[in-house]
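Novice: Handing over upload-v4.pdb, PDB, C-alpha atoms.
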ATOM      1  CA  MET A  23     -20.904   9.335  23.103
ATOM      2  CA  THR A  24     -24.325  10.929  22.732
ATOM      3  CA  GLY A  25     -26.831   9.963  20.080
ATOM      4  CA  SER A  26     -26.067  13.143  18.089
ATOM      5  CA  GLU A  27     -22.341  12.419  17.791
ATOM      6  CA  ILE A  28     -21.221  10.564  14.676
ATOM      7  CA  PRO A  29     -17.868   8.749  14.774
ATOM      8  CA  PRO A  30     -15.377   9.915  12.113
ATOM      9  CA  SER A  31     -15.252   7.823   8.964
ATOM     10  CA  PHE A  32     -13.110   7.682   5.835
ATOM     11  CA  ARG A  33     -14.842   7.552   2.447
ATOM     12  CA  LEU A  34     -12.863   5.942  -0.358
ATOM     13  CA  ALA A  35     -14.023   6.163  -3.978
ATOM     14  CA  TYR A  36     -12.873   3.660  -6.584
ATOM     15  CA  VAL A  37     -13.414   3.252 -10.312
ATOM     16  CA  PRO A  38     -14.347  -0.025 -12.079
ATOM     17  CA  GLY A  39     -11.462  -2.461 -12.340
ATOM     18  CA  VAL A  40      -9.674  -1.279  -9.199
ATOM     19  CA  THR A  41      -9.785  -3.717  -6.278
ATOM     20  CA  PRO A  42      -9.086  -1.875  -2.990
ATOM     21  CA  THR A  43      -9.539  -4.961  -0.786
ATOM     22  CA  LYS A  44      -5.921  -5.188   0.400
ATOM     23  CA  TRP A  45      -5.710  -1.535   1.442
ATOM     24  CA  VAL A  46      -9.102  -1.644   3.152
ATOM     25  CA  ARG A  47      -7.992  -4.666   5.190
ATOM     26  CA  ILE A  48      -4.824  -2.871   6.369
ATOM     27  CA  TRP A  49      -6.874   0.222   7.260
ATOM     28  CA  ASN A  50      -9.253  -1.848   9.386
ATOM     29  CA  GLU A  51      -6.314  -3.468  11.175
ATOM     30  CA  ARG A  52      -4.565  -0.167  11.946
ATOM     31  CA  LEU A  53      -7.542   2.120  12.492
ATOM     32  CA  PRO A  54     -10.407  -0.077  13.715
ATOM     33  CA  GLU A  55     -12.052   2.883  15.456
ATOM     34  CA  THR A  56     -12.433   4.725  12.125
ATOM     35  CA  PRO A  57     -14.770   2.922   9.696
ATOM     36  CA  LEU A  58     -13.889   3.011   5.984
ATOM     37  CA  THR A  59     -16.759   3.355   3.516
ATOM     38  CA  LEU A  60     -16.309   2.409  -0.149
ATOM     39  CA  VAL A  61     -17.925   4.583  -2.820
ATOM     40  CA  ALA A  62     -18.190   3.042  -6.314
ATOM     41  CA  VAL A  63     -17.920   5.664  -9.077
ATOM     42  CA  THR A  64     -17.428   5.659 -12.833
ATOM     43  CA  ALA A  65     -14.116   6.839 -14.262
ATOM     44  CA  ALA A  66     -15.812   9.922 -15.710
ATOM     45  CA  GLU A  67     -17.432  11.069 -12.462
ATOM     46  CA  ALA A  68     -14.563  10.269 -10.047
ATOM     47  CA  SER A  69     -13.024  13.759 -10.128
ATOM     48  CA  ASP A  70     -16.356  15.499  -9.536
ATOM     49  CA  VAL A  71     -17.125  13.204  -6.600
ATOM     50  CA  LEU A  72     -13.825  14.148  -4.955
ATOM     51  CA  ARG A  73     -14.290  17.867  -5.626
ATOM     52  CA  GLY A  74     -17.859  17.770  -4.347
ATOM     53  CA  GLY A  75     -16.902  16.130  -1.051
ATOM     54  CA  GLY A  76     -18.531  12.804  -1.865
ATOM     55  CA  ALA A  77     -15.314  11.005  -0.870
ATOM     56  CA  ASP A  78     -12.162  11.861   1.061
ATOM     57  CA  ALA A  79      -9.891  10.153  -1.478
ATOM     58  CA  GLY A  80     -10.270   7.821  -4.410
ATOM     59  CA  PHE A  81      -8.631   5.530  -6.919
ATOM     60  CA  VAL A  82      -8.953   7.179 -10.330
ATOM     61  CA  ARG A  83      -7.723   6.598 -13.858
ATOM     62  CA  LEU A  84      -5.346   9.155 -15.320
ATOM     63  CA  PRO A  85      -5.344  11.628 -16.883
ATOM     64  CA  ILE A  86      -7.472  13.880 -14.666
ATOM     65  CA  ASP A  87      -7.637  17.636 -14.237
ATOM     66  CA  ARG A  88      -5.189  18.326 -11.397
ATOM     67  CA  THR A  89      -6.137  21.963 -10.949
ATOM     68  CA  ASP A  90      -7.323  21.368  -7.387
ATOM     69  CA  LEU A  91      -6.659  17.638  -6.975
ATOM     70  CA  SER A  92      -3.505  15.897  -5.815
ATOM     71  CA  ALA A  93      -2.655  12.538  -7.365
ATOM     72  CA  ILE A  94      -0.082   9.836  -6.723
ATOM     73  CA  PRO A  95       0.360   7.493  -9.730
ATOM     74  CA  LEU A  96       0.394   3.893  -8.520
ATOM     75  CA  TYR A  97       0.644   1.536 -11.476
ATOM     76  CA  ALA A  98      -0.047   1.092 -15.191
ATOM     77  CA  GLU A  99      -2.214  -1.719 -16.535
ATOM     78  CA  THR A 100      -1.640  -3.995 -19.489
ATOM     79  CA  THR A 101      -3.963  -3.189 -22.388
ATOM     80  CA  VAL A 102      -5.811  -6.159 -23.901
ATOM     81  CA  VAL A 103      -8.267  -6.892 -26.689
ATOM     82  CA  VAL A 104     -11.421  -8.772 -25.710
ATOM     83  CA  ILE A 105     -12.436 -11.360 -28.327
ATOM     84  CA  PRO A 106     -14.726 -14.371 -28.718
ATOM     85  CA  LYS A 107     -12.935 -17.617 -27.851
ATOM     86  CA  ASP A 108     -13.284 -18.865 -31.426
ATOM     87  CA  HIS A 109     -11.793 -15.696 -32.963
ATOM     88  CA  ILE A 110      -8.563 -16.016 -34.964
ATOM     89  CA  VAL A 111      -6.754 -13.654 -32.563
ATOM     90  CA  ALA A 112      -7.314 -16.196 -29.772
ATOM     91  CA  ALA A 113      -4.701 -18.428 -31.466
ATOM     92  CA  VAL A 114      -1.818 -16.021 -30.730
ATOM     93  CA  ASP A 115      -0.202 -14.845 -27.485
ATOM     94  CA  GLU A 116      -0.351 -11.126 -28.271
ATOM     95  CA  VAL A 117      -1.229  -8.695 -31.063
ATOM     96  CA  SER A 118      -0.304  -5.169 -32.108
ATOM     97  CA  ALA A 119      -2.692  -2.318 -32.733
ATOM     98  CA  GLU A 120      -1.881  -2.663 -36.455
ATOM     99  CA  ASP A 121      -3.038  -6.297 -36.392
ATOM    100  CA  LEU A 122      -6.541  -5.028 -35.589
ATOM    101  CA  ALA A 123      -6.719  -2.664 -38.573
ATOM    102  CA  ASP A 124      -9.317  -4.740 -40.435
ATOM    103  CA  GLU A 125     -11.434  -5.490 -37.359
ATOM    104  CA  ILE A 126     -14.395  -3.520 -36.041
ATOM    105  CA  VAL A 127     -13.126  -2.238 -32.705
ATOM    106  CA  LEU A 128     -15.739  -0.837 -30.340
ATOM    107  CA  HIS A 129     -14.980   2.464 -28.615
ATOM    108  CA  PRO A 130     -17.396   2.962 -25.687
ATOM    109  CA  LEU A 131     -18.141   6.428 -24.342
ATOM    110  CA  ASP A 132     -16.566   5.542 -20.978
ATOM    111  CA  ASP A 133     -13.289   4.428 -22.590
ATOM    112  CA  THR A 134     -10.336   5.189 -20.287
ATOM    113  CA  LEU A 135      -7.490   4.756 -22.808
ATOM    114  CA  ASP A 136      -5.925   7.941 -24.134
ATOM    115  CA  TRP A 137      -5.941   7.140 -27.848
ATOM    116  CA  GLU A 138      -4.653   9.514 -30.491
ATOM    117  CA  ARG A 139      -6.529   7.326 -32.942
ATOM    118  CA  PRO A 140      -8.371   4.164 -31.822
ATOM    119  CA  PRO A 141      -7.316   1.019 -33.708
ATOM    120  CA  GLY A 142      -9.455  -0.892 -36.201
ATOM    121  CA  ARG A 143     -12.575   0.226 -38.016
ATOM    122  CA  PRO A 144     -15.155   2.173 -35.983
ATOM    123  CA  ALA A 145     -18.627   0.772 -35.392
ATOM    124  CA  ASN A 146     -21.695   2.664 -36.579
ATOM    125  CA  GLU A 147     -22.413   3.798 -33.012
ATOM    126  CA  ARG A 148     -20.320   4.032 -29.870
ATOM    127  CA  PRO A 149     -21.644   1.885 -26.994
ATOM    128  CA  ALA A 150     -22.585   3.868 -23.913
ATOM    129  CA  THR A 151     -20.545   1.768 -21.493
ATOM    130  CA  THR A 152     -17.831  -0.871 -21.415
ATOM    131  CA  ALA A 153     -20.423  -3.362 -20.157
ATOM    132  CA  ASP A 154     -22.532  -2.694 -23.253
ATOM    133  CA  ALA A 155     -19.491  -3.158 -25.475
ATOM    134  CA  ILE A 156     -18.757  -6.530 -23.858
ATOM    135  CA  GLU A 157     -22.256  -7.694 -24.771
ATOM    136  CA  LEU A 158     -21.668  -6.662 -28.374
ATOM    137  CA  VAL A 159     -18.363  -8.558 -28.502
ATOM    138  CA  ALA A 160     -20.180 -11.663 -27.257
ATOM    139  CA  ALA A 161     -22.750 -11.152 -30.028
ATOM    140  CA  GLY A 162     -19.981 -11.078 -32.632
ATOM    141  CA  VAL A 163     -20.406  -7.399 -33.509
ATOM    142  CA  GLY A 164     -16.785  -6.358 -32.922
ATOM    143  CA  LEU A 165     -13.772  -6.398 -30.607
ATOM    144  CA  LEU A 166     -12.975  -4.257 -27.578
ATOM    145  CA  VAL A 167      -9.634  -2.883 -26.332
ATOM    146  CA  VAL A 168      -9.581  -2.151 -22.587
ATOM    147  CA  PRO A 169      -7.320  -2.252 -19.504
ATOM    148  CA  GLN A 170      -6.837  -5.833 -18.330
ATOM    149  CA  SER A 171      -8.686  -5.266 -15.050
ATOM    150  CA  LEU A 172     -11.845  -4.322 -16.968
ATOM    151  CA  ALA A 173     -11.576  -7.455 -19.100
ATOM    152  CA  ARG A 174     -11.418  -9.474 -15.874
ATOM    153  CA  LEU A 175     -14.259  -7.499 -14.301
ATOM    154  CA  HIS A 176     -16.554  -8.296 -17.251
ATOM    155  CA  HIS A 177     -15.346 -11.881 -17.696
ATOM    156  CA  ARG A 178     -17.572 -14.242 -19.644
ATOM    157  CA  LYS A 179     -17.038 -17.921 -20.407
ATOM    158  CA  ASP A 180     -17.449 -17.324 -24.146
ATOM    159  CA  LEU A 181     -14.860 -14.515 -24.266
ATOM    160  CA  THR A 182     -11.124 -14.267 -23.759
ATOM    161  CA  TYR A 183      -8.467 -11.553 -24.187
ATOM    162  CA  ARG A 184      -4.920 -11.046 -25.463
ATOM    163  CA  PRO A 185      -2.321  -8.296 -24.729
ATOM    164  CA  VAL A 186      -2.042  -5.488 -27.286
ATOM    165  CA  ILE A 187       1.484  -4.217 -28.033
ATOM    166  CA  GLY A 188       1.908  -0.519 -28.758
ATOM    167  CA  ALA A 189      -1.400   0.529 -27.206
ATOM    168  CA  PRO A 190      -1.667   3.262 -24.558
ATOM    169  CA  GLU A 191      -1.817   1.996 -20.970
ATOM    170  CA  SER A 192      -4.319   2.993 -18.323
ATOM    171  CA  ARG A 193      -2.637   4.462 -15.233
ATOM    172  CA  VAL A 194      -4.289   4.202 -11.835
ATOM    173  CA  ALA A 195      -3.664   6.866  -9.187
ATOM    174  CA  LEU A 196      -4.747   7.766  -5.679
ATOM    175  CA  SER A 197      -6.284  11.251  -5.706
ATOM    176  CA  TRP A 198      -7.797  13.664  -3.179
ATOM    177  CA  PRO A 199      -8.658  17.400  -2.950
ATOM    178  CA  GLU A 200      -5.534  19.485  -2.322
ATOM    179  CA  ASP A 201      -7.201  21.627   0.339
ATOM    180  CA  ALA A 202      -8.460  18.562   2.241
ATOM    181  CA  THR A 203      -5.244  16.669   3.000
ATOM    182  CA  THR A 204      -6.396  15.474   6.411
ATOM    183  CA  ASP A 205      -4.666  13.120   8.836
ATOM    184  CA  MET A 206      -6.909  10.318   7.591
ATOM    185  CA  VAL A 207      -5.851  10.996   4.005
ATOM    186  CA  GLU A 208      -2.205  10.931   5.097
ATOM    187  CA  ASP A 209      -2.825   7.640   6.891
ATOM    188  CA  PHE A 210      -4.278   6.103   3.754
ATOM    189  CA  ILE A 211      -1.421   7.427   1.611
ATOM    190  CA  GLY A 212       0.978   5.690   3.992
ATOM    191  CA  ILE A 213      -0.932   2.416   3.668
ATOM    192  CA  VAL A 214      -0.969   2.561  -0.134
ATOM    193  CA  ARG A 215       2.740   3.365  -0.228
ATOM    194  CA  GLY A 216       3.540   0.462   2.060
ATOM    195  CA  ARG A 217       4.677   2.414   5.095
ATOM    196  CA  THR A 218       4.727   0.604   8.407
ATOM    197  CA  VAL A 219       2.442   1.617  11.241
ATOM    198  CA  ASN A 220       5.329   3.458  12.965
ATOM    199  CA  SER A 221       6.295   5.515   9.914
ATOM    200  CA  SER A 222       2.916   6.845   8.806
ATOM    201  CA  ARG A 223       3.240  10.371   7.449
ATOM    202  CA  GLY A 224       1.243  13.144   9.027
ATOM    203  CA  ARG A 225       1.316  11.888  12.598
ATOM    204  CA  THR A 226       3.384  13.568  15.285
ATOM    205  CA  PRO A 227       6.100  11.115  16.282
ATOM    206  CA  THR A 228       6.666  10.364  19.941
ATOM    207  CA  PRO A 229       9.714  12.392  21.055
ATOM    208  CA  PRO A 230      12.664  10.259  22.150
ATOM    209  CA  GLN A 231      13.019   9.941  25.891
ATOM    210  CA  PRO A 232      16.358  11.130  27.381
ATOM    211  CA  LYS A 233      18.547   8.306  28.552
ATOM    212  CA  GLN A 234      18.992   8.099  32.326
ATOM    213  CA  ARG A 235      22.523   7.907  33.606
ATOM    214  CA  LYS A 236      23.204   4.634  35.294
ATOM    215  CA  ARG A 237      24.016   5.052  38.970
ATOM    216  CA  PRO A 238      27.165   3.244  40.013
ATOM    217  CA  ASP A 239      26.667   0.065  41.952
ATOM    218  CA  ALA A 240      27.607   0.140  45.633
ATOM    219  CA  GLY A 241      30.183  -2.570  45.077
ATOM    220  CA  ASP A 242      31.913  -0.500  42.413
ATOM    221  CA  ALA A 243      32.447   2.316  44.899
ATOM    222  CA  ARG A 244      34.675   0.205  47.151
ATOM    223  CA  ARG A 245      38.340   0.901  46.735
ATOM    224  CA  LYS A 246      40.443  -1.979  45.581
ATOM    225  CA  PRO A 247      43.305  -2.979  47.910
ATOM    226  CA  ALA A 248      46.712  -1.543  47.055
ATOM    227  CA  ALA A 249      49.206  -3.765  45.319
ATOM    228  CA  GLY A 250      51.146  -6.013  47.657
ATOM    229  CA  LYS A 251      48.642  -5.806  50.482
ATOM    230  CA  SER A 252      46.404  -8.647  51.417
ATOM    231  CA  GLY A 253      42.749  -8.177  51.113
ATOM    232  CA  GLY A 254      42.206  -9.758  54.594
ATOM    233  CA  LYS A 255      43.847 -11.493  57.607
ATOM    234  CA  SER A 256      45.674 -14.743  57.071
ATOM    235  CA  PRO A 257      44.142 -17.710  58.823
ATOM    236  CA  ARG A 258      45.932 -19.002  61.911
ATOM    237  CA  GLY A 259      48.283 -21.839  61.213
ATOM    238  CA  GLY A 260      48.370 -20.887  57.570
ATOM    239  CA  ALA A 261      51.376 -20.901  55.330
ATOM    240  CA  GLY A 262      52.508 -17.601  56.825
ATOM    241  CA  GLY A 263      52.857 -19.122  60.340
ATOM    242  CA  PRO A 264      52.219 -17.313  63.614
ATOM    243  CA  LYS A 265      52.899 -13.619  63.758
ATOM    244  CA  GLY A 266      56.575 -12.902  64.368
ATOM    245  CA  GLY A 267      57.704 -16.589  64.426
ATOM    246  CA  LYS A 268      58.636 -19.429  62.246
ATOM    247  CA  GLY A 269      56.243 -21.918  60.912
ATOM    248  CA  GLY A 270      55.218 -24.681  63.350
ATOM    249  CA  LYS A 271      52.358 -25.847  65.459
ATOM    250  CA  GLY A 272      50.114 -23.240  66.817
ATOM    251  CA  GLY A 273      49.326 -22.707  70.558
ATOM    252  CA  LYS A 274      51.237 -21.438  73.664
ATOM    253  CA  PRO A 275      55.064 -22.001  73.893
ATOM    254  CA  ARG A 276      56.280 -24.590  76.393
ATOM    255  CA  ARG A 277      57.958 -23.514  79.643
ATOM    256  CA  ARG A 278      61.492 -24.518  80.214
ATOM    257  CA  PRO A 279      62.077 -26.606  83.327
TER
END
Would you write out, as structure tokens, the structure that this file holds?

Specialist:
Amino acid sequence: MTGSEIPPSFRLAYVPGVTPTKWVRIWNERLPETPLTLVAVTAAEASDVLRGGGADAGFVRLPIDRTDLSAIPLYAETTVVVIPKDHIVAAVDEVSAEDLADEIVLHPLDDTLDWERPPGRPANERPATTADAIELVAAGVGLLVVPQSLARLHHRKDLTYRPVIGAPESRVALSWPEDATTDMVEDFIGIVRGRTVNSSRGRTPTPPQPKQRKRPDAGDARRKPAAGKSGGKSPRGGAGGPKGGKGGKGGKPRRRP
């Protein structure tokens, strides 16, 4: 390889809360000659990064505009409310969206939940990011409803979270440009879907080799002796006796005097 040649690589975008470690490890095991580069993006910019060629594929949060993007939904996350540890909600196992009606619930600009109407009472201003909203929850300004992975991502010792019943869920999908479904993209789709290395989609399978006819063994070609015939000569002095005589001692007959 000359200095001007660059080895092929696979660029994978991912939004906050998604942990691609497992899939990256499998990629490195199966395709060690093709490096995988991770590209961290916000949920809002993920689609534009894929359309602009900044990544070959990416983990995104639905919904997205699928006009020119393909997407495979992977899983839905539990929705939780982030609260101070000494908050009254921390005493229960789960809450409903109606239980938060009297609470100030922060609604950051990068919110990924598809609300018809966010729960609780709105704050005077919307925080710019989820990280900013977490800081406000820690300061006692309000509560925050987010996908569970984001609550874990922004974990603090003074905060905890509880599941919210009846709230919309955040769905995570693998997406890529429709007109750029390359072999590498197909390989990664196979990894995410749990296909084995021999069943990866998009690769030309090795054609089955024709079976060779087994040549008969030389011993099989020998004709078996016909029924009733001996397969060989009887030993002298055997139970059959000498040829043409009765059984007795072998040797020459005695002369008569």

Novice: So what does the PyMOL selection byres ((chain A and resi 181) around 12) actually pick up in this one, as a PyMOL selection string?

Specialist: chain A and resi 103-109+111-112+156-162+165-166+173-174+176-180+182-184

Novice: Go through A:Ile94, A:Ala35, A:Ile86, A:Val167 one by one, measure the shortest atom-to-atom distance of each to Arg215 (chain A) using only C-alpha atoms, and give the residue with the smallest value.

Specialist: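 Of the candidates, the smallest distance to Arg215 (chain A) is held by A:Ile94.
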
Novice: For the structure provided, state which residues fall under the PyMOL selection byres ((chain A and resi 45) around 10), and present them as a list in words.

Specialist: Thr41, Pro42, Thr43, Lys44, Val46, Arg47, Ile48, Trp49, Asn50, Glu51, Phe210, Ile211, Ile213, Val214, Arg215 and Gly216 of chain A

Novice: Using all atoms listed in the file, give me every residue within 12 Å of (-2.2, 23.9, -1.7) in file coordinates, as a ChimeraX atom specification.

Specialist: /A:88-92,198-203

Novice: Could you pull the residues within 12 Å of region 98-101 of chain A, counting all atoms listed in the file, minus those fewer than 2 positions along the same chain, as a VMD selection string?

Specialist: chain A and resid 39 to 40 82 to 85 95 to 96 103 to 104 116 to 119 134 to 137 166 to 174 183 to 195

Novice: (-5.8, 10.6, 5.9) in this file's frame - what residues fall within 12 Å of it? Use all atoms listed in the file and give the answer as a compact mmCIF listing (two decimals) with C-alpha atoms, keeping the file's coordinate frame.

Specialist:
# COMPACT_ATOMS: atom_id res chain seq x y z
CA PRO A 30 -15.38 9.91 12.11
CA SER A 31 -15.25 7.82 8.96
CA PHE A 32 -13.11 7.68 5.84
CA ARG A 33 -14.84 7.55 2.45
CA LEU A 34 -12.86 5.94 -0.36
CA TRP A 49 -6.87 0.22 7.26
CA LEU A 53 -7.54 2.12 12.49
CA THR A 56 -12.43 4.72 12.12
CA LEU A 58 -13.89 3.01 5.98
CA ALA A 77 -15.31 11.00 -0.87
CA ASP A 78 -12.16 11.86 1.06
CA ALA A 79 -9.89 10.15 -1.48
CA GLY A 80 -10.27 7.82 -4.41
CA LEU A 196 -4.75 7.77 -5.68
CA SER A 197 -6.28 11.25 -5.71
CA TRP A 198 -7.80 13.66 -3.18
CA PRO A 199 -8.66 17.40 -2.95
CA ALA A 202 -8.46 18.56 2.24
CA THR A 203 -5.24 16.67 3.00
CA THR A 204 -6.40 15.47 6.41
CA ASP A 205 -4.67 13.12 8.84
CA MET A 206 -6.91 10.32 7.59
CA VAL A 207 -5.85 11.00 4.00
CA GLU A 208 -2.20 10.93 5.10
CA ASP A 209 -2.82 7.64 6.89
CA PHE A 210 -4.28 6.10 3.75
CA ILE A 211 -1.42 7.43 1.61
CA GLY A 212 0.98 5.69 3.99
CA ILE A 213 -0.93 2.42 3.67
CA VAL A 214 -0.97 2.56 -0.13
CA SER A 222 2.92 6.84 8.81
CA ARG A 223 3.24 10.37 7.45
CA GLY A 224 1.24 13.14 9.03
CA ARG A 225 1.32 11.89 12.60

Novice: Would you mind reading off the distance between CA of Asn146 (chain A) and CA of Leu128 (chain A), one decimal, in Å?

Specialist: 9.3 Å

Novice: Kindly give the distance, in Å, that separates CA of Asp70 (chain A) and CA of Ala93 (chain A), rounded to a single decimal.

Specialist: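 About the pair CA of Asp70 (chain A) and CA of Ala93 (chain A): they are 14.2 Å apart.
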